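Colleague: I am sharing data-v9.txt, which consists of compact mmCIF, C-alpha atoms:
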# COMPACT_ATOMS: atom_id res chain seq x y z
CA MET A 108 53.07 36.46 184.20
CA HIS A 109 50.57 34.60 182.07
CA ILE A 110 50.65 34.49 178.28
CA SER A 111 48.69 32.63 175.61
CA ILE A 112 50.09 30.94 172.50
CA HIS A 113 48.00 30.44 169.36
CA PHE A 114 48.78 28.14 166.44
CA TYR A 115 47.61 28.65 162.86
CA SER A 116 47.44 26.59 159.65
CA TYR A 117 49.14 23.17 159.88
CA PHE A 118 50.91 24.22 163.08
CA LYS A 119 47.59 23.35 164.80
CA ASP A 120 47.98 19.77 163.57
CA LEU A 121 51.63 19.62 164.61
CA ALA A 122 50.80 20.95 168.08
CA GLY A 123 47.57 18.93 168.38
CA CYS A 124 45.70 22.04 169.56
CA ALA A 125 44.84 25.57 168.45
CA GLU A 126 46.10 27.31 171.57
CA THR A 127 47.78 26.87 174.90
CA SER A 128 49.13 29.04 177.70
CA GLU A 129 52.24 29.39 179.83
CA ASP A 130 53.24 31.04 183.07
CA ILE A 131 56.52 32.84 182.55
CA LEU A 132 58.96 34.91 184.60
CA GLU A 133 59.06 38.68 184.37
CA GLY A 134 61.58 39.76 181.71
CA SER A 135 61.16 36.59 179.64
CA ARG A 136 61.91 36.96 175.96
CA LEU A 137 60.10 35.44 173.02
CA ALA A 138 63.06 33.09 172.50
CA ASP A 139 62.65 31.72 176.06
CA VAL A 140 58.99 30.88 175.44
CA LEU A 141 59.80 29.27 172.10
CA LYS A 142 62.25 26.93 173.85
CA THR A 143 59.50 25.86 176.25
CA ILE A 144 57.02 25.44 173.40
CA PHE A 145 59.46 23.30 171.41
CA ARG A 146 59.94 21.04 174.45
CA ARG A 147 56.17 20.68 174.84
CA PHE A 148 55.48 20.32 171.11
CA PRO A 149 58.59 18.73 169.54
CA LYS A 150 57.05 18.59 166.03
CA LEU A 151 57.05 22.39 165.98
CA ALA A 152 60.77 22.55 166.70
CA ALA A 153 61.54 21.26 163.20
CA MET A 154 59.68 24.31 161.80
CA GLU A 155 61.71 26.86 163.74
CA LYS A 156 63.63 28.30 160.77
CA SER A 157 60.58 29.11 158.66
CA MET A 158 58.25 29.88 161.59
CA LEU A 159 56.72 33.35 161.76
CA VAL A 160 56.11 34.78 165.22
CA ALA A 161 53.75 37.58 166.18
CA VAL A 162 52.80 39.16 169.48
CA GLY A 163 49.31 40.61 169.23
CA VAL A 164 49.01 41.69 165.58
CA ASP A 165 52.67 42.59 164.95
CA TYR A 166 55.69 40.49 164.05
CA GLN A 167 58.34 40.61 166.76
CA PRO A 168 62.00 39.57 166.94
CA ARG A 169 63.07 36.69 169.17
CA ASP A 170 64.58 39.09 171.75
CA TYR A 171 61.22 40.82 172.32
CA ILE A 172 60.49 41.09 176.07
CA LEU A 173 57.04 39.76 176.87
CA LYS A 174 54.38 41.41 179.02
CA ASN A 175 51.67 39.86 181.14
CA GLY A 176 48.68 38.90 178.98
CA ASP A 177 50.58 38.90 175.68
CA GLU A 178 49.10 36.76 172.92
CA ILE A 179 51.78 35.00 170.89
CA SER A 180 50.94 33.53 167.50
CA LEU A 181 53.06 30.93 165.73
CA PHE A 182 52.48 30.05 162.11
CA PRO A 183 54.13 28.86 158.88
CA PRO A 184 54.97 31.19 155.95
CA VAL A 185 51.86 32.96 154.73
CA GLN A 186 50.17 32.10 151.40
CA GLY A 187 47.48 34.65 150.62
CA GLY A 188 46.22 35.33 147.12
CA MET B 193 44.69 57.80 149.82
CA LYS B 194 41.35 56.06 150.22
CA HIS B 195 41.44 52.37 151.01
CA GLN B 196 38.85 49.67 151.40
CA LEU B 197 39.59 46.19 152.72
CA THR B 198 37.11 43.32 152.67
CA ILE B 199 37.85 39.86 154.06
CA THR B 200 34.85 37.70 153.30
CA THR B 201 33.54 34.17 152.99
CA GLU B 202 31.16 35.38 150.25
CA PRO B 203 31.97 35.11 146.51
CA ILE B 204 33.64 38.21 145.07
CA ASP B 205 30.94 40.29 143.34
CA GLU B 206 32.92 41.91 140.52
CA PRO B 207 30.00 43.77 138.87
CA ALA B 208 29.14 45.38 142.21
CA LEU B 209 32.77 46.36 142.80
CA LEU B 210 32.98 47.92 139.32
CA ARG B 211 29.73 49.82 139.88
CA GLU B 212 31.13 51.27 143.12
CA ARG B 213 34.32 52.54 141.42
CA ARG B 214 35.08 56.22 142.05
CA ALA B 215 37.96 58.00 140.33
CA SER B 216 38.53 61.75 140.26
CA ALA B 217 39.18 63.68 137.03
CA GLY B 218 42.97 63.70 137.55
CA MET B 219 43.25 59.91 137.52
CA GLY B 220 44.51 58.35 134.27
CA ALA B 221 45.04 54.77 135.43
CA VAL B 222 42.56 52.33 136.88
CA ILE B 223 43.88 48.79 137.09
CA TYR B 224 42.57 45.73 138.80
CA PHE B 225 43.86 42.24 139.39
CA LEU B 226 41.91 39.07 139.94
CA GLY B 227 43.56 36.04 141.58
CA VAL B 228 41.77 32.83 140.64
CA VAL B 229 42.07 29.33 142.15
CA ARG B 230 43.89 27.04 139.70
CA GLU B 231 42.88 23.39 139.15
CA THR B 232 46.30 22.10 140.26
CA GLU B 233 48.37 22.63 143.39
CA ASP B 234 51.83 21.05 143.57
CA GLU B 235 50.95 19.21 140.33
CA LYS B 236 47.91 17.53 141.93
CA LYS B 237 44.29 18.10 140.84
CA ILE B 238 42.26 19.97 143.38
CA ALA B 239 38.59 20.87 143.74
CA ALA B 240 39.04 23.97 145.89
CA ILE B 241 41.26 25.80 148.34
CA GLU B 242 40.32 26.35 151.95
CA TYR B 243 41.69 29.74 153.06
CA GLU B 244 42.36 30.38 156.74
CA ALA B 245 43.04 33.84 158.12
CA PHE B 246 44.17 35.35 161.41
CA GLN B 247 41.58 38.07 160.86
CA LYS B 248 42.70 40.72 163.36
CA MET B 249 46.30 40.54 162.19
CA VAL B 250 45.27 40.40 158.52
CA GLU B 251 43.47 43.72 158.88
CA HIS B 252 46.36 45.30 160.79
CA GLN B 253 49.02 44.13 158.32
CA PHE B 254 47.02 45.27 155.30
CA HIS B 255 46.60 48.72 156.86
CA LEU B 256 50.37 48.91 157.45
CA LEU B 257 50.89 48.04 153.77
CA PHE B 258 48.36 50.66 152.64
CA GLY B 259 50.27 53.21 154.73
CA GLN B 260 53.53 52.30 153.03
CA MET B 261 51.88 52.41 149.58
CA GLU B 262 50.65 55.91 150.23
CA LYS B 263 54.18 57.08 151.04
CA ARG B 264 55.71 55.48 147.93
CA TRP B 265 53.21 56.26 145.17
CA PRO B 266 50.61 59.00 144.45
CA ILE B 267 47.72 56.56 144.65
CA GLU B 268 44.18 57.94 144.91
CA SER B 269 42.59 54.73 146.11
CA VAL B 270 43.10 51.04 146.68
CA ARG B 271 40.40 48.44 147.20
CA LEU B 272 41.19 44.85 148.12
CA VAL B 273 38.89 41.89 148.63
CA HIS B 274 40.24 38.52 149.86
CA ARG B 275 38.03 35.51 150.29
CA VAL B 276 38.46 33.11 153.19
CA GLY B 277 36.90 29.71 153.69
CA LEU B 278 36.27 27.40 150.73
CA VAL B 279 36.99 28.80 147.25
CA LYS B 280 36.34 26.45 144.33
CA VAL B 281 38.57 26.05 141.26
CA ASN B 282 38.01 28.87 138.73
CA GLU B 283 36.57 31.17 141.39
CA PRO B 284 38.43 34.33 142.37
CA SER B 285 40.04 34.45 145.80
CA LEU B 286 41.55 37.93 145.46
CA TRP B 287 40.49 41.20 143.84
CA VAL B 288 42.70 44.29 143.97
CA GLU B 289 42.07 47.69 142.38
CA VAL B 290 44.50 50.60 142.30
CA ILE B 291 43.66 54.05 140.97
CA ALA B 292 46.48 56.51 140.25
CA PRO B 293 47.34 59.39 137.89
CA HIS B 294 49.55 57.20 135.64
CA ARG B 295 49.78 53.51 134.76
CA GLY B 296 53.41 53.14 135.92
CA GLU B 297 52.66 53.85 139.54
CA ALA B 298 49.35 51.96 139.43
CA PHE B 299 50.97 48.74 138.13
CA ALA B 300 53.99 49.09 140.44
CA ALA B 301 51.87 49.69 143.53
CA CYS B 302 49.50 46.82 142.76
CA GLN B 303 52.38 44.41 142.10
CA TRP B 304 54.13 45.53 145.29
CA LEU B 305 50.97 45.18 147.39
CA ILE B 306 50.31 41.62 146.24
CA GLY B 307 53.97 40.68 146.77
CA GLU B 308 54.00 42.11 150.29
CA MET B 309 50.66 40.45 151.06
CA LYS B 310 52.23 37.09 150.24
CA ARG B 311 55.09 37.90 152.62
CA VAL B 312 53.40 39.33 155.72
CA VAL B 313 49.60 38.97 155.71
CA PRO B 314 48.62 35.88 157.74
CA ILE B 315 46.42 33.96 155.34
CA TRP B 316 47.07 30.29 154.55
CA LYS B 317 45.68 27.88 152.04
CA LYS B 318 44.86 24.22 152.26
CA PRO B 319 44.13 22.44 148.97
CA VAL B 320 41.00 20.27 148.85
CA PRO B 321 41.67 17.22 146.63
CA ALA B 322 39.45 16.71 143.56
Show this structure as structure tokens.
Modeller:
Amino acid sequence: MHISIHFYSYFKDLAGCAETSEDILEGSRLADVLKTIFRRFPKLAAMEKSMLVAVGVDYQPRDYILKNGDEISLFPPVQGG
Amino acid sequence: MKHQLTITTEPIDEPALLRERRASAGMGAVIYFLGVVRETEDEKKIAAIEYEAFQKMVEHQFHLLFGQMEKRWPIESVRLVHRVGLVKVNEPSLWVEVIAPHRGEAFAACQWLIGEMKRVVPIWKKPVPA
């Protein structure tokens, strides 16, 4: 399965890019992909506790099972207003 | 409940928003809130704030919040404008209007909406030094 990962706010600077992609196994959970992302982009690993994670336009828990074509978004706490 | 959401790079046109206000005869409370960019951020002088938004998710999350508002309070309408891009000091970045039968529910709903926005709506700010 193929998924894309998008970074927002200063996470783009920490990752050095705005988006990337990964090939994952069927049945992979969000937590599995995050482990891979943290290996590829170690500066993001330090942000894990405060990191917000969405799939499409909804927040999802770390045990969410991914589907082919899912778009994951990783970003810091929001600051609108 | 009627709702209107505008995410824009354009300055907030308050007179136009006020002209477009519609409240039915049963509504006794019309309140609005304006969020303005302050001249300091983390005790440092700034010239502006650059707002970034994940637009598709911003719209979706606001509509979820409007849905929850409607269930909690007898609101007739809510209108919300949030600027993105560069917003200079003293300029408004947020405009929210809530119309309801009584002031209690209007203030409570407006306060709740802004609080929830700051928790779940994916908008970020980057201060621009003075």
Colleague: Please list, as a list in words, the residues that have an atom at most 12 Å away from (46.3, 23.8, 168.4) in the coordinates of this file, counting only C-alpha atoms.
Modeller: Ser111, Ile112, His113, Phe114, Tyr115, Ser116, Tyr117, Phe118, Lys119, Asp120, Leu121, Ala122, Gly123, Cys124, Ala125, Glu126, Thr127, Ser128, Ile144, Phe148, Leu151, Ser180, Leu181 and Phe182 of chain A
Colleague: Kindly provide the residues of chain A that approach chain B to within 8 Å, each paired with its closest atom pair and their distance in Å to one decimal, based on all atoms listed in the file, listed by chain and increasing number, as a Markdown table.
Modeller:
| residue | atom | partner | partner_atom | distance |
| --- | --- | --- | --- | --- |
| A:Tyr115 | CA | B:Phe246 | CA | 7.7 |
| A:Ser116 | CA | B:Trp316 | CA | 6.3 |
| A:Gly163 | CA | B:Met249 | CA | 7.7 |
| A:Val164 | CA | B:Met249 | CA | 4.5 |
| A:Asp165 | CA | B:Met249 | CA | 7.2 |
| A:Pro184 | CA | B:Arg311 | CA | 7.5 |
| A:Val185 | CA | B:Pro314 | CA | 5.3 |
| A:Gln186 | CA | B:Trp316 | CA | 4.8 |
| A:Gly187 | CA | B:Ile315 | CA | 4.9 |
| A:Gly188 | CA | B:Leu286 | CA | 5.6 |
Colleague: Residues near Pro183 of chain A, anyone? I mean within 7 Å using all atoms listed in the file, not counting same-chain ones fewer than 3 positions away, as a ChimeraX atom specification.
Modeller: /A:157-159
Colleague: Which residues are close to segment 261-269 of chain B, i.e. within 6 Å by only C-alpha atoms, leaving aside same-chain residues fewer than 2 positions away? Reply as a ChimeraX atom specification.
Modeller: /B:193-195,258-259,290-292
Colleague: Can you measure atom CA of Ala298 of chain B to atom CA of Leu209 of chain B for me? One decimal in Å is fine.
Modeller: 17.8 Å
Colleague: Work out how far apart atom CA of Arg271 of chain B and atom CA of Glu231 of chain B are and give it in Å to one decimal.
Modeller: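 Between atom CA of Arg271 of chain B and atom CA of Glu231 of chain B the gap is 26.4 Å.
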Colleague: In Å to one decimal, how far is atom CA of Glu206 of chain B from atom CA of Pro321 of chain B?
Modeller: 26.9 Å
Colleague: Taking the point (61.8, 31.0, 175.8) as given in the file, collect each protein or nucleic acid residue that comes within 12 Å of it, counting only C-alpha atoms, and present the set as a ChimeraX atom specification.
Modeller: /A:110,129-147,169-173,179
Colleague: Just to be explicit: take each residue in the selection above, keep C-alpha atoms, and write the result as a short mmCIF file (atom, residue, chain, number, x, y, z; two decimals), keeping the file's coordinate frame.
Modeller:
data_model
loop_
_atom_site.label_atom_id
_atom_site.label_comp_id
_atom_site.auth_asym_id
_atom_site.auth_seq_id
_atom_site.Cartn_x
_atom_site.Cartn_y
_atom_site.Cartn_z
CA ILE A 110 50.65 34.49 178.28
CA GLU A 129 52.24 29.39 179.83
CA ASP A 130 53.24 31.04 183.07
CA ILE A 131 56.52 32.84 182.55
CA LEU A 132 58.96 34.91 184.60
CA GLU A 133 59.06 38.68 184.37
CA GLY A 134 61.58 39.76 181.71
CA SER A 135 61.16 36.59 179.64
CA ARG A 136 61.91 36.96 175.96
CA LEU A 137 60.10 35.44 173.02
CA ALA A 138 63.06 33.09 172.50
CA ASP A 139 62.65 31.72 176.06
CA VAL A 140 58.99 30.88 175.44
CA LEU A 141 59.80 29.27 172.10
CA LYS A 142 62.25 26.93 173.85
CA THR A 143 59.50 25.86 176.25
CA ILE A 144 57.02 25.44 173.40
CA PHE A 145 59.46 23.30 171.41
CA ARG A 146 59.94 21.04 174.45
CA ARG A 147 56.17 20.68 174.84
CA ARG A 169 63.07 36.69 169.17
CA ASP A 170 64.58 39.09 171.75
CA TYR A 171 61.22 40.82 172.32
CA ILE A 172 60.49 41.09 176.07
CA LEU A 173 57.04 39.76 176.87
CA ILE A 179 51.78 35.00 170.89
#
Colleague: Dump C-alpha atoms of segment 293-317 of chain B from the given block, as a compact mmCIF listing (two decimals), in the first residue's frame.
Modeller:
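Done, and the output landed in out-v5.txt:
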# COMPACT_ATOMS: atom_id res chain seq x y z
CA PRO B 293 -32.24 34.45 21.83
CA HIS B 294 -30.34 35.40 25.03
CA ARG B 295 -26.90 36.77 25.88
CA GLY B 296 -25.95 33.83 28.14
CA GLU B 297 -25.98 31.28 25.36
CA ALA B 298 -24.49 33.72 22.84
CA PHE B 299 -21.46 34.49 25.04
CA ALA B 300 -21.04 30.85 26.10
CA ALA B 301 -21.20 29.54 22.54
CA CYS B 302 -18.80 32.16 21.20
CA GLN B 303 -16.29 31.53 24.01
CA TRP B 304 -16.57 27.77 23.48
CA LEU B 305 -16.12 28.05 19.71
CA ILE B 306 -12.95 30.11 20.01
CA GLY B 307 -11.56 27.77 22.68
CA GLU B 308 -12.24 24.69 20.56
CA MET B 309 -10.81 26.40 17.48
CA LYS B 310 -7.54 26.88 19.37
CA ARG B 311 -7.57 23.16 20.24
CA VAL B 312 -8.50 21.42 16.98
CA VAL B 313 -8.53 23.72 13.94
CA PRO B 314 -5.20 23.39 12.08
CA ILE B 315 -4.04 26.98 11.80
CA TRP B 316 -0.56 28.02 12.94
CA LYS B 317 1.15 31.33 13.40
